[in-house]
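Trainee: Structure: my_file-v4.txt, compact mmCIF, C-alpha atoms.
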```
# COMPACT_ATOMS: atom_id res chain seq x y z
CA MET A 1 32.32 47.33 23.07
CA GLY A 2 30.51 44.48 24.72
CA PHE A 3 31.70 41.99 27.31
CA GLU A 4 29.37 39.17 26.47
CA GLN A 5 31.96 36.56 27.24
CA TYR A 6 31.37 37.13 30.95
CA HIS A 7 28.41 35.24 32.32
CA GLU A 8 29.12 36.44 35.86
CA PRO A 9 30.13 39.95 37.11
CA ALA A 10 33.62 40.49 35.66
CA GLY A 11 34.84 42.24 38.81
CA GLU A 12 34.19 39.12 40.86
CA LEU A 13 36.15 36.86 38.49
CA SER A 14 39.84 36.12 38.89
CA ALA A 15 42.29 37.22 36.21
CA GLU A 16 42.79 33.53 35.33
CA THR A 17 39.06 32.99 34.80
CA ARG A 18 38.76 36.20 32.73
CA THR A 19 41.59 35.04 30.47
CA PHE A 20 39.92 31.66 30.15
CA ALA A 21 36.62 33.34 29.18
CA ARG A 22 38.37 35.53 26.59
CA MET A 23 40.00 32.50 25.00
CA CYS A 24 36.65 30.68 24.93
CA ALA A 25 35.16 33.72 23.16
CA ASN A 26 38.07 33.73 20.69
CA LEU A 27 37.51 30.05 19.99
CA THR A 28 33.82 30.69 19.28
CA GLU A 29 34.67 33.54 16.88
CA GLU A 30 37.21 31.44 15.00
CA ALA A 31 34.66 28.63 14.62
CA GLU A 32 32.10 31.13 13.30
CA ALA A 33 34.65 32.54 10.84
CA ILE A 34 35.44 29.03 9.59
CA GLY A 35 31.73 28.44 8.98
CA TRP A 36 31.34 31.78 7.19
CA TYR A 37 34.37 31.23 4.94
CA GLU A 38 33.07 27.77 4.09
CA GLN A 39 29.79 29.28 2.89
CA ARG A 40 31.42 32.14 0.96
CA ILE A 41 33.95 29.88 -0.77
CA SER A 42 31.21 27.48 -1.81
CA LEU A 43 29.52 30.32 -3.77
CA GLU A 44 32.49 32.41 -4.97
CA ARG A 45 33.34 32.00 -8.68
CA ASP A 46 36.32 34.39 -8.94
CA PRO A 47 39.50 32.21 -8.66
CA ALA A 48 41.62 34.96 -7.06
CA ALA A 49 38.97 35.73 -4.47
CA ARG A 50 38.58 32.01 -3.74
CA ALA A 51 42.35 31.62 -3.31
CA ILE A 52 42.48 34.50 -0.83
CA MET A 53 39.57 33.16 1.15
CA LEU A 54 41.09 29.66 1.21
CA ASP A 55 44.29 31.20 2.53
CA SER A 56 42.31 33.08 5.16
CA LEU A 57 40.43 29.92 6.09
CA ALA A 58 43.74 28.15 6.82
CA GLU A 59 44.62 31.03 9.15
CA GLU A 60 41.37 30.50 11.02
CA TYR A 61 42.16 26.79 11.34
CA LYS A 62 45.50 27.74 12.88
CA HIS A 63 43.98 30.30 15.27
CA PHE A 64 41.26 27.88 16.35
CA SER A 65 43.82 25.13 16.99
CA MET A 66 46.15 27.40 19.01
CA GLU A 67 43.30 28.64 21.17
CA LEU A 68 42.02 25.12 21.72
CA GLU A 69 45.49 24.00 22.82
CA PHE A 70 45.67 26.96 25.25
CA LEU A 71 42.37 25.92 26.79
CA PHE A 72 43.45 22.27 27.02
CA ARG A 73 46.58 23.31 28.89
CA ALA A 74 44.47 25.31 31.30
CA LYS A 75 42.11 22.41 31.99
CA PRO A 76 43.79 18.99 32.34
CA LEU A 77 40.50 17.10 32.52
CA TRP A 78 39.32 18.68 29.25
CA ARG A 79 42.66 17.80 27.68
CA GLU A 80 42.44 14.23 28.89
CA ILE A 81 38.94 13.71 27.54
CA ALA A 82 39.93 15.31 24.23
CA LYS A 83 42.89 12.96 23.90
CA GLY A 84 40.54 10.01 23.65
CA ILE A 85 38.44 11.68 20.95
CA LEU A 86 40.69 13.81 18.73
CA PHE A 87 42.66 12.08 15.95
CA GLN A 88 41.12 8.72 16.83
CA ASP A 89 39.60 6.30 14.36
CA GLY A 90 36.20 4.72 14.89
CA ASP A 91 32.89 5.94 16.20
CA ILE A 92 33.18 9.47 17.56
CA VAL A 93 30.37 9.11 20.09
CA ALA A 94 31.74 5.79 21.36
CA ASN A 95 35.22 7.31 21.67
CA GLY A 96 33.71 10.23 23.55
CA GLU A 97 31.89 8.04 26.03
CA ALA A 98 34.98 5.85 26.58
CA SER A 99 37.24 8.85 26.98
CA GLU A 100 34.91 10.53 29.46
CA SER A 101 34.69 7.31 31.45
CA ALA A 102 38.45 6.81 31.42
CA ALA A 103 39.01 10.37 32.58
CA GLY A 104 36.68 9.83 35.52
CA GLY A 105 34.41 12.67 34.45
CA ALA A 106 31.34 10.59 33.54
CA GLY A 107 28.08 12.35 34.25
CA GLY A 108 29.76 15.63 35.02
CA SER A 109 29.19 15.28 38.74
CA GLY A 110 32.14 13.20 39.89
CA PRO A 111 35.12 14.54 41.77
CA GLY A 112 36.94 14.94 38.45
CA GLU A 113 34.37 17.51 37.29
CA GLY A 114 33.25 20.82 38.73
CA PRO A 115 35.13 24.08 38.98
CA PRO A 116 38.78 23.13 38.71
CA ALA A 117 40.97 25.72 40.37
CA GLY A 118 44.45 24.35 40.90
CA PRO A 119 47.08 23.26 38.40
CA GLY A 120 46.70 19.54 39.14
CA ILE A 121 44.13 16.98 38.17
CA SER A 122 41.18 16.59 40.47
CA PRO A 123 40.85 13.39 42.48
CA GLY A 124 39.27 10.53 40.56
CA THR A 125 41.06 11.09 37.28
CA SER A 126 44.10 9.54 35.68
CA LEU A 127 47.36 11.46 35.40
CA GLY A 128 46.48 12.43 31.82
CA ILE A 129 49.81 11.40 30.32
CA GLY A 130 48.52 9.76 27.13
CA SER A 131 50.66 9.96 24.03
CA LEU A 132 54.16 11.39 24.39
CA LYS A 133 55.15 10.88 20.77
CA GLU A 134 54.39 14.37 19.49
CA GLN A 135 56.55 16.05 22.14
CA LYS A 136 59.70 14.76 20.51
CA GLN A 137 58.85 15.34 16.88
CA MET B 1 30.36 7.10 47.29
CA THR B 2 33.52 6.71 45.27
CA ALA B 3 34.06 7.87 41.70
CA ASN B 4 35.72 4.64 40.55
CA HIS B 5 37.82 1.66 41.60
CA LEU B 6 40.81 3.84 42.44
CA LEU B 7 39.02 4.79 45.71
CA ARG B 8 40.97 8.05 45.98
CA GLU B 9 38.22 9.69 47.99
CA LEU B 10 38.87 7.27 50.86
CA ALA B 11 42.50 8.31 51.32
CA PRO B 12 43.38 10.74 54.16
CA ILE B 13 44.95 13.14 51.67
CA SER B 14 43.96 16.77 51.09
CA ASP B 15 43.14 18.12 47.61
CA ALA B 16 46.47 19.96 47.67
CA GLY B 17 48.22 16.73 48.63
CA TRP B 18 46.61 14.89 45.72
CA ARG B 19 47.71 17.64 43.35
CA LEU B 20 51.26 17.29 44.66
CA LEU B 21 51.26 13.50 44.19
CA ASP B 22 49.67 13.67 40.73
CA GLU B 23 52.07 16.33 39.49
CA GLU B 24 55.15 14.58 40.89
CA ALA B 25 54.08 11.26 39.36
CA ARG B 26 53.26 12.89 36.03
CA GLN B 27 56.68 14.52 35.85
CA ARG B 28 58.56 11.34 36.77
CA LEU B 29 56.58 9.17 34.39
CA SER B 30 56.77 11.57 31.45
CA VAL B 31 60.56 11.43 31.63
CA ALA B 32 60.85 7.65 32.00
CA LEU B 33 58.16 6.48 29.53
CA GLY B 34 60.65 6.33 26.66
CA ALA B 35 58.80 3.76 24.55
CA ARG B 36 55.67 5.93 24.57
CA LYS B 37 57.67 8.67 22.81
CA LEU B 38 58.26 6.37 19.84
CA VAL B 39 55.00 4.47 19.28
CA ASP B 40 51.43 5.35 18.33
CA PHE B 41 49.03 5.68 21.25
CA SER B 42 45.34 4.79 21.22
CA GLY B 43 42.98 5.53 24.10
CA PRO B 44 42.56 5.68 27.00
CA HIS B 45 39.52 3.46 26.50
CA GLY B 46 38.66 3.05 30.19
CA TRP B 47 39.11 0.54 32.98
CA GLU B 48 36.29 -1.62 31.60
CA TYR B 49 38.08 -2.08 28.28
CA SER B 50 39.48 -5.61 28.28
CA ALA B 51 40.91 -6.57 24.91
CA THR B 52 42.34 -5.29 21.64
CA ASN B 53 40.65 -6.36 18.44
CA LEU B 54 43.11 -8.26 16.23
CA GLY B 55 40.73 -8.59 13.28
CA ARG B 56 41.54 -12.28 13.02
CA THR B 57 39.64 -15.48 13.68
CA GLU B 58 40.45 -19.04 14.65
CA GLN B 59 38.57 -21.83 12.95
CA LEU B 60 36.73 -24.18 15.29
CA PRO B 61 35.75 -27.76 14.40
CA LEU B 62 32.77 -28.09 12.07
CA ASN B 63 29.61 -28.41 14.04
CA GLY B 64 26.35 -29.68 12.57
CA GLY B 65 27.19 -28.51 9.07
CA LEU B 66 28.16 -25.03 10.28
CA VAL B 67 31.42 -23.23 9.65
CA VAL B 68 32.57 -21.85 12.99
CA ALA B 69 35.25 -19.28 13.73
CA GLN B 70 36.14 -17.56 16.96
CA ARG B 71 37.42 -13.98 17.13
CA ARG B 72 40.98 -13.54 18.35
CA VAL B 73 41.76 -10.68 20.70
CA LEU B 74 44.76 -9.48 22.67
CA PRO B 75 43.77 -9.10 26.35
CA LEU B 76 44.97 -5.97 28.11
CA VAL B 77 47.41 -6.44 30.95
CA GLU B 78 46.90 -4.64 34.28
CA VAL B 79 50.09 -3.36 35.90
CA ARG B 80 50.30 -1.93 39.40
CA ALA B 81 53.28 -0.49 41.31
CA GLU B 82 52.63 -0.05 45.02
CA PHE B 83 54.20 2.62 47.20
CA ALA B 84 53.71 4.39 50.52
CA VAL B 85 53.73 8.07 51.45
CA SER B 86 54.45 9.28 54.97
CA ARG B 87 51.46 11.02 56.58
CA ARG B 88 53.92 13.34 58.37
CA GLU B 89 55.29 14.38 54.98
CA LEU B 90 51.80 15.08 53.60
CA GLU B 91 50.90 17.10 56.71
CA ALA B 92 54.12 19.09 56.34
CA TYR B 93 53.25 19.85 52.72
CA ASP B 94 49.81 21.10 53.75
CA ARG B 95 51.51 23.46 56.21
CA GLY B 96 53.66 24.86 53.41
CA ALA B 97 56.84 22.78 53.55
CA THR B 98 58.89 23.27 50.39
CA TYR B 99 60.38 19.76 50.31
CA THR B 100 58.32 16.59 50.54
CA ASP B 101 59.89 13.13 50.59
CA LEU B 102 58.21 11.14 47.82
CA ASP B 103 61.11 8.80 47.10
CA ASP B 104 59.00 5.64 47.33
CA MET B 105 56.56 7.00 44.76
CA ASP B 106 59.42 8.04 42.49
CA ALA B 107 60.81 4.50 42.66
CA ALA B 108 57.37 3.06 41.85
CA ALA B 109 57.07 5.41 38.87
CA LEU B 110 60.40 4.18 37.54
CA ARG B 111 59.35 0.54 38.04
CA ILE B 112 56.07 0.86 36.17
CA ALA B 113 57.62 2.98 33.38
CA SER B 114 60.43 0.44 32.97
CA ALA B 115 57.89 -2.39 32.79
CA GLU B 116 56.05 -0.54 30.01
CA ASN B 117 59.29 0.15 28.13
CA VAL B 118 60.34 -3.49 28.34
CA ALA B 119 56.91 -4.83 27.32
CA VAL B 120 56.79 -2.56 24.26
CA LEU B 121 60.38 -2.78 23.15
CA HIS B 122 61.40 -6.32 24.17
CA GLY B 123 58.04 -8.06 24.76
CA TRP B 124 56.27 -9.73 27.64
CA GLU B 125 55.60 -13.38 26.88
CA GLU B 126 53.31 -14.07 29.87
CA ALA B 127 51.11 -11.14 28.85
CA GLY B 128 51.03 -12.21 25.21
CA ILE B 129 52.85 -9.07 24.09
CA ARG B 130 55.34 -9.41 21.27
CA GLY B 131 57.84 -6.58 21.56
CA VAL B 132 59.57 -4.51 18.92
CA THR B 133 62.92 -6.33 19.04
CA GLN B 134 61.25 -9.76 19.20
CA ALA B 135 59.22 -9.00 16.09
CA SER B 136 62.04 -7.42 14.06
CA PRO B 137 63.29 -9.70 11.26
CA HIS B 138 66.56 -7.77 10.97
CA GLU B 139 69.81 -9.20 12.30
CA PRO B 140 70.77 -7.04 15.33
CA VAL B 141 73.65 -4.62 14.82
CA PRO B 142 76.58 -6.03 16.83
CA ARG B 143 78.17 -4.00 19.60
CA VAL B 144 81.55 -2.37 19.26
CA GLU B 145 84.11 -1.52 21.90
CA ALA B 146 84.61 2.20 21.20
CA PHE B 147 81.63 4.47 21.85
CA VAL B 148 82.84 7.03 19.31
CA ASP B 149 81.92 4.43 16.68
CA TYR B 150 78.28 4.62 17.78
CA PRO B 151 77.25 6.77 14.77
CA LYS B 152 78.45 4.00 12.45
CA ARG B 153 76.20 1.50 14.21
CA VAL B 154 73.22 3.84 14.06
CA ALA B 155 73.92 4.69 10.42
CA LYS B 156 74.06 0.99 9.63
CA ALA B 157 70.76 0.44 11.42
CA VAL B 158 69.14 3.30 9.51
CA THR B 159 70.47 1.91 6.22
CA VAL B 160 68.94 -1.50 6.97
CA LEU B 161 65.56 0.14 7.63
CA LEU B 162 65.74 2.30 4.49
CA GLN B 163 66.65 -0.76 2.40
CA ALA B 164 63.56 -2.47 3.82
CA GLY B 165 61.47 0.43 2.52
CA ILE B 166 60.93 2.04 5.92
CA GLY B 167 60.88 5.84 5.76
CA GLU B 168 62.18 8.57 8.07
CA PRO B 169 62.08 9.94 10.68
CA PHE B 170 63.62 7.43 13.04
CA GLY B 171 63.85 7.48 16.83
CA LEU B 172 66.52 5.92 19.02
CA ALA B 173 65.60 4.30 22.34
CA LEU B 174 68.56 3.92 24.66
CA GLY B 175 68.91 2.05 27.93
CA PRO B 176 70.36 4.14 30.79
CA GLY B 177 73.95 2.97 30.23
CA HIS B 178 73.97 3.76 26.53
CA TYR B 179 72.08 7.03 27.11
CA ASN B 180 74.64 8.32 29.59
CA ALA B 181 77.52 7.35 27.34
CA VAL B 182 75.93 9.00 24.28
CA MET B 183 75.06 12.23 26.06
CA GLU B 184 78.49 12.57 27.66
CA SER B 185 80.53 11.71 24.60
CA ALA B 186 82.18 14.06 22.15
CA GLU B 187 83.70 12.80 18.94
CA ARG B 188 87.02 13.74 17.48
CA GLY B 189 86.69 17.40 16.52
CA GLY B 190 84.48 18.18 19.51
CA TYR B 191 81.08 17.44 17.99
CA LEU B 192 78.56 16.11 20.47
CA LEU B 193 77.78 12.48 19.71
CA SER B 194 74.08 13.09 20.40
CA GLU B 195 73.87 15.84 17.74
CA HIS B 196 75.58 13.63 15.18
CA LEU B 197 73.10 10.82 15.91
CA GLN B 198 70.11 13.11 15.60
CA ARG B 199 71.33 14.19 12.16
CA ILE B 200 71.44 10.55 11.08
CA LEU B 201 68.04 9.73 12.57
CA HIS B 202 66.13 12.94 11.79
CA GLY B 203 64.37 12.16 15.04
CA PRO B 204 64.70 12.05 18.82
CA ILE B 205 66.93 10.11 21.18
CA VAL B 206 64.96 8.93 24.20
CA TRP B 207 65.92 7.58 27.60
CA ALA B 208 64.17 4.26 28.11
CA PRO B 209 64.98 2.59 31.43
CA GLY B 210 64.68 -1.18 31.14
CA VAL B 211 65.88 -1.29 27.55
CA ARG B 212 68.79 -3.57 26.68
CA GLY B 213 71.21 -1.95 24.26
CA ALA B 214 69.41 0.37 21.86
CA ILE B 215 66.65 0.29 19.26
CA VAL B 216 66.25 2.34 16.08
CA MET B 217 62.64 2.50 14.99
CA SER B 218 60.51 4.37 12.49
CA LEU B 219 58.36 7.25 13.71
CA ARG B 220 56.34 7.60 10.49
CA GLY B 221 53.27 6.16 12.26
CA GLY B 222 51.16 3.07 11.79
CA ASP B 223 53.95 0.61 12.66
CA PHE B 224 53.65 0.22 16.44
CA LEU B 225 50.42 0.57 18.44
CA PHE B 226 50.14 1.00 22.20
CA GLU B 227 46.53 0.66 23.30
CA SER B 228 45.63 2.11 26.69
CA GLY B 229 42.66 0.96 28.74
CA GLN B 230 43.12 2.98 31.89
CA ASP B 231 46.04 5.34 31.53
CA LEU B 232 48.46 5.69 34.43
CA SER B 233 46.60 6.68 37.59
CA ILE B 234 47.19 6.80 41.32
CA GLY B 235 44.84 4.71 43.45
CA TYR B 236 44.34 4.20 47.18
CA SER B 237 44.95 0.89 48.93
CA ARG B 238 44.91 1.48 52.72
CA HIS B 239 46.41 3.62 55.45
CA ASP B 240 47.64 3.36 59.02
CA ALA B 241 48.87 5.86 61.58
CA ASP B 242 52.16 6.43 59.77
CA SER B 243 51.65 5.92 56.06
CA VAL B 244 49.17 6.05 53.21
CA HIS B 245 49.56 3.06 50.91
CA LEU B 246 48.88 3.95 47.29
CA TYR B 247 49.65 2.52 43.87
CA LEU B 248 50.29 3.53 40.29
CA GLU B 249 48.18 1.53 37.89
CA GLN B 250 47.42 1.19 34.21
CA SER B 251 46.07 -1.34 31.70
CA PHE B 252 47.42 -1.68 28.18
CA SER B 253 48.25 -3.87 25.20
CA PHE B 254 50.79 -3.47 22.43
CA GLN B 255 51.00 -4.69 18.84
CA VAL B 256 53.64 -4.48 16.14
CA ALA B 257 52.05 -3.85 12.73
CA THR B 258 55.31 -3.59 10.74
CA PRO B 259 58.00 -5.86 12.22
CA GLU B 260 60.64 -4.63 9.77
CA ALA B 261 60.26 -1.00 10.94
CA ALA B 262 62.76 -1.42 13.79
CA ILE B 263 66.19 -2.88 14.46
CA HIS B 264 68.00 -3.77 17.67
CA LEU B 265 71.53 -2.61 18.54
CA ARG B 266 72.94 -5.12 20.97
CA GLY B 267 74.22 -3.98 24.35
CA SER B 268 77.05 -5.39 26.41
CA GLY B 269 76.47 -8.95 27.57
CA GLU B 270 73.89 -9.68 24.87
CA GLN B 271 74.31 -12.44 22.32
```
As structure tokens, what does this structure read like?
Mentor:
Amino acid sequence: MGFEQYHEPAGELSAETRTFARMCANLTEEAEAIGWYEQRISLERDPAARAIMLDSLAEEYKHFSMELEFLFRAKPLWREIAKGILFQDGDIVANGEASESAAGGAGGSGPGEGPPAGPGISPGTSLGIGSLKEQKQ
Amino acid sequence: MTANHLLRELAPISDAGWRLLDEEARQRLSVALGARKLVDFSGPHGWEYSATNLGRTEQLPLNGGLVVAQRRVLPLVEVRAEFAVSRRELEAYDRGATYTDLDDMDAAALRIASAENVAVLHGWEEAGIRGVTQASPHEPVPRVEAFVDYPKRVAKAVTVLLQAGIGEPFGLALGPGHYNAVMESAERGGYLLSEHLQRILHGPIVWAPGVRGAIVMSLRGGDFLFESGQDLSIGYSRHDADSVHLYLEQSFSFQVATPEAAIHLRGSGEQ
């Protein structure tokens, strides 16, 4: 069994960082599975086999989304930038640039970027409140 | 060098102190931003973002055989609530104190959240914002004396919206007075009034300081749009030997796309 998700010596990483790395690896695997199912379904002619794979694909969507939400909760700056991009109309790149700027993380070298350790938002960013509508529905 | 106009790096506040302030503000604001729990949110688009596109034009006088139209936009409004934090309190927190007096910041959070609630739900003429109750074409539901009759008022409001072709779910924004009364009240038979209301609405009841009376509004989406430039942030103003002077700040606009998707329930003292 490999431990490719660790880029640094695992023994030197905190439990929190190891969990984060595992969830990143999970996210990658779910994305790969989505891509593989997409290819298989596009070629499969058997209706029953297609139905099963479509069902499986929906599971991968769910797993990917849950893991992404876990990672967002772990990293407020990531969550804040994503809020300005996900489920937004318009140009994706423009939304991304605006969201990064609004979050104070432009260029990746500001105080809002870097290795975030604590539970709060780093200096230079907004409070990351955004939409509250979904919390009540 | 500073990251942006908030100038947070210039404040004599430790990283741990900033985390404390951000988390406290986030918690206070998330509770009080009632309107934001009921409307669509777009952004944040950044501090540089100045206006919302309305998609409309205004004809200008003909000029040299040309047809001239000017784009109409809704400028974002900047709102700031200033507060001070004691340097002794921040130093105590850094030493491990379990209680930190942030009352002034809490009051500022309530002020700026109330301003947002009022702008969205009742409008802000000077800022060019037409609020939900201003835009609604429905006759407001009159107030009644007995609070146990509240479900009848809400049911009537929901019926008006359904008859206008507005679909469920619905949310109910309540000012503090109405919210307390609803949450504390039990109807005949012991049912909680709040549970009865949620069954009628199929949606949430939210506390919205600043709101007059109550508002029933559709949550189906696409009816009410809050556009955020810079979302709520804490910035640094100045400091002296005793205090650090900070502020909560945001920029936003608000539009009603479907005026008939909400109805006002009058509160006491309203005509």
Trainee: Taking only C-alpha atoms into account, what are the residues of chain B at most 6 Å from chain A, put as a PDB file with C-alpha atoms, in the frame of the given file?
Mentor:
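Contents of selection-v2.pdb, as written:
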```pdb
ATOM      1  CA  ALA B   3      34.060   7.870  41.700  1.00  0.00           C
ATOM      2  CA  ARG B  19      47.710  17.640  43.350  1.00  0.00           C
ATOM      3  CA  ARG B  36      55.670   5.930  24.570  1.00  0.00           C
ATOM      4  CA  LYS B  37      57.670   8.670  22.810  1.00  0.00           C
ATOM      5  CA  LEU B  38      58.260   6.370  19.840  1.00  0.00           C
ATOM      6  CA  PHE B  41      49.030   5.680  21.250  1.00  0.00           C
ATOM      7  CA  GLY B  43      42.980   5.530  24.100  1.00  0.00           C
ATOM      8  CA  PRO B  44      42.560   5.680  27.000  1.00  0.00           C
ATOM      9  CA  HIS B  45      39.520   3.460  26.500  1.00  0.00           C
ATOM     10  CA  GLY B  46      38.660   3.050  30.190  1.00  0.00           C
ATOM     11  CA  PRO B 204      64.700  12.050  18.820  1.00  0.00           C
ATOM     12  CA  LEU B 232      48.460   5.690  34.430  1.00  0.00           C
ATOM     13  CA  SER B 233      46.600   6.680  37.590  1.00  0.00           C
TER      14      SER B 233
END
```
Trainee: Kindly give the distance, in Å, that separates atom CA of His122 of chain B and atom CA of Glu139 of chain B, rounded to a single decimal.
Mentor: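 Going from atom CA of His122 of chain B over to atom CA of Glu139 of chain B, I get 14.8 Å.
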Trainee: Using Å and a single decimal, report how far atom CA of Leu10 of chain B sits from atom CA of Leu246 of chain B.
Mentor: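 So the two atoms, atom CA of Leu246 of chain B and atom CA of Leu10 of chain B, lie 11.1 Å apart.
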Trainee: If you measure from atom CA of Leu7 of chain B to atom CA of Arg26 of chain B, what distance in Å do you get, rounded to one decimal?
Mentor: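 Atom CA of Leu7 of chain B sits 19.0 Å away from atom CA of Arg26 of chain B.
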Trainee: Smallest atom-to-atom distance to Ala241 of chain B: which of B:Ala261, B:Leu225, B:Ile166, B:Val85, using all atoms listed in the file?
Mentor: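 Between B:Ala261, B:Leu225, B:Ile166, B:Val85, the residue approaching Ala241 of chain B most closely is B:Val85.
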Trainee: Residues at most 7 Å from Leu27 of chain A, counting only C-alpha atoms, excluding those fewer than 5 positions away in the same chain, as a list of chain:residue names?
Mentor: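 So the residues in contact are A:Phe64, A:Glu67, A:Leu68.
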Trainee: Based on the selection just made, write C-alpha atoms of those residues as a CSV table (one decimal), in the frame of the given file.
Mentor:
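Dumped to result.csv:
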```
chain,number,residue,atom,x,y,z
A,64,PHE,CA,41.3,27.9,16.4
A,67,GLU,CA,43.3,28.6,21.2
A,68,LEU,CA,42.0,25.1,21.7
```
Trainee: Between segment 125-202 of chain B and segment 49-65 of chain B, at 12 Å or less, what are the per-residue closest atom pairs and their distances in Å? Count all atoms listed in the file, order by chain and rising residue number, and return it as JSON lines.
Mentor:
```
{"residue": "B:Ala127", "atom": "CA", "partner": "B:Ala51", "partner_atom": "CA", "distance": 11.9}
{"residue": "B:Gly128", "atom": "CA", "partner": "B:Ala51", "partner_atom": "CA", "distance": 11.6}
{"residue": "B:Ile129", "atom": "CA", "partner": "B:Thr52", "partner_atom": "CA", "distance": 11.4}
```
Trainee: Which one is closest to Glu16 of chain A: A:Ala49, A:Leu57, A:Ala74, A:Leu86? Count only C-alpha atoms.
Mentor: A:Ala74
Trainee: Which of these residues is nearest to Asn26 of chain A, using only C-alpha atoms: A:Arg50, A:His63, A:Arg79, A:Arg45?
Mentor: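 Between A:Arg50, A:His63, A:Arg79, A:Arg45, the residue approaching Asn26 of chain A most closely is A:His63.
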Trainee: Nearest to Gln250 of chain B: which of B:Val67, B:Val73, B:Ala214, B:Ala81 is it, counting all atoms listed in the file?
Mentor: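 Checking each candidate against Gln250 of chain B, we get B:Ala81 as the closest.
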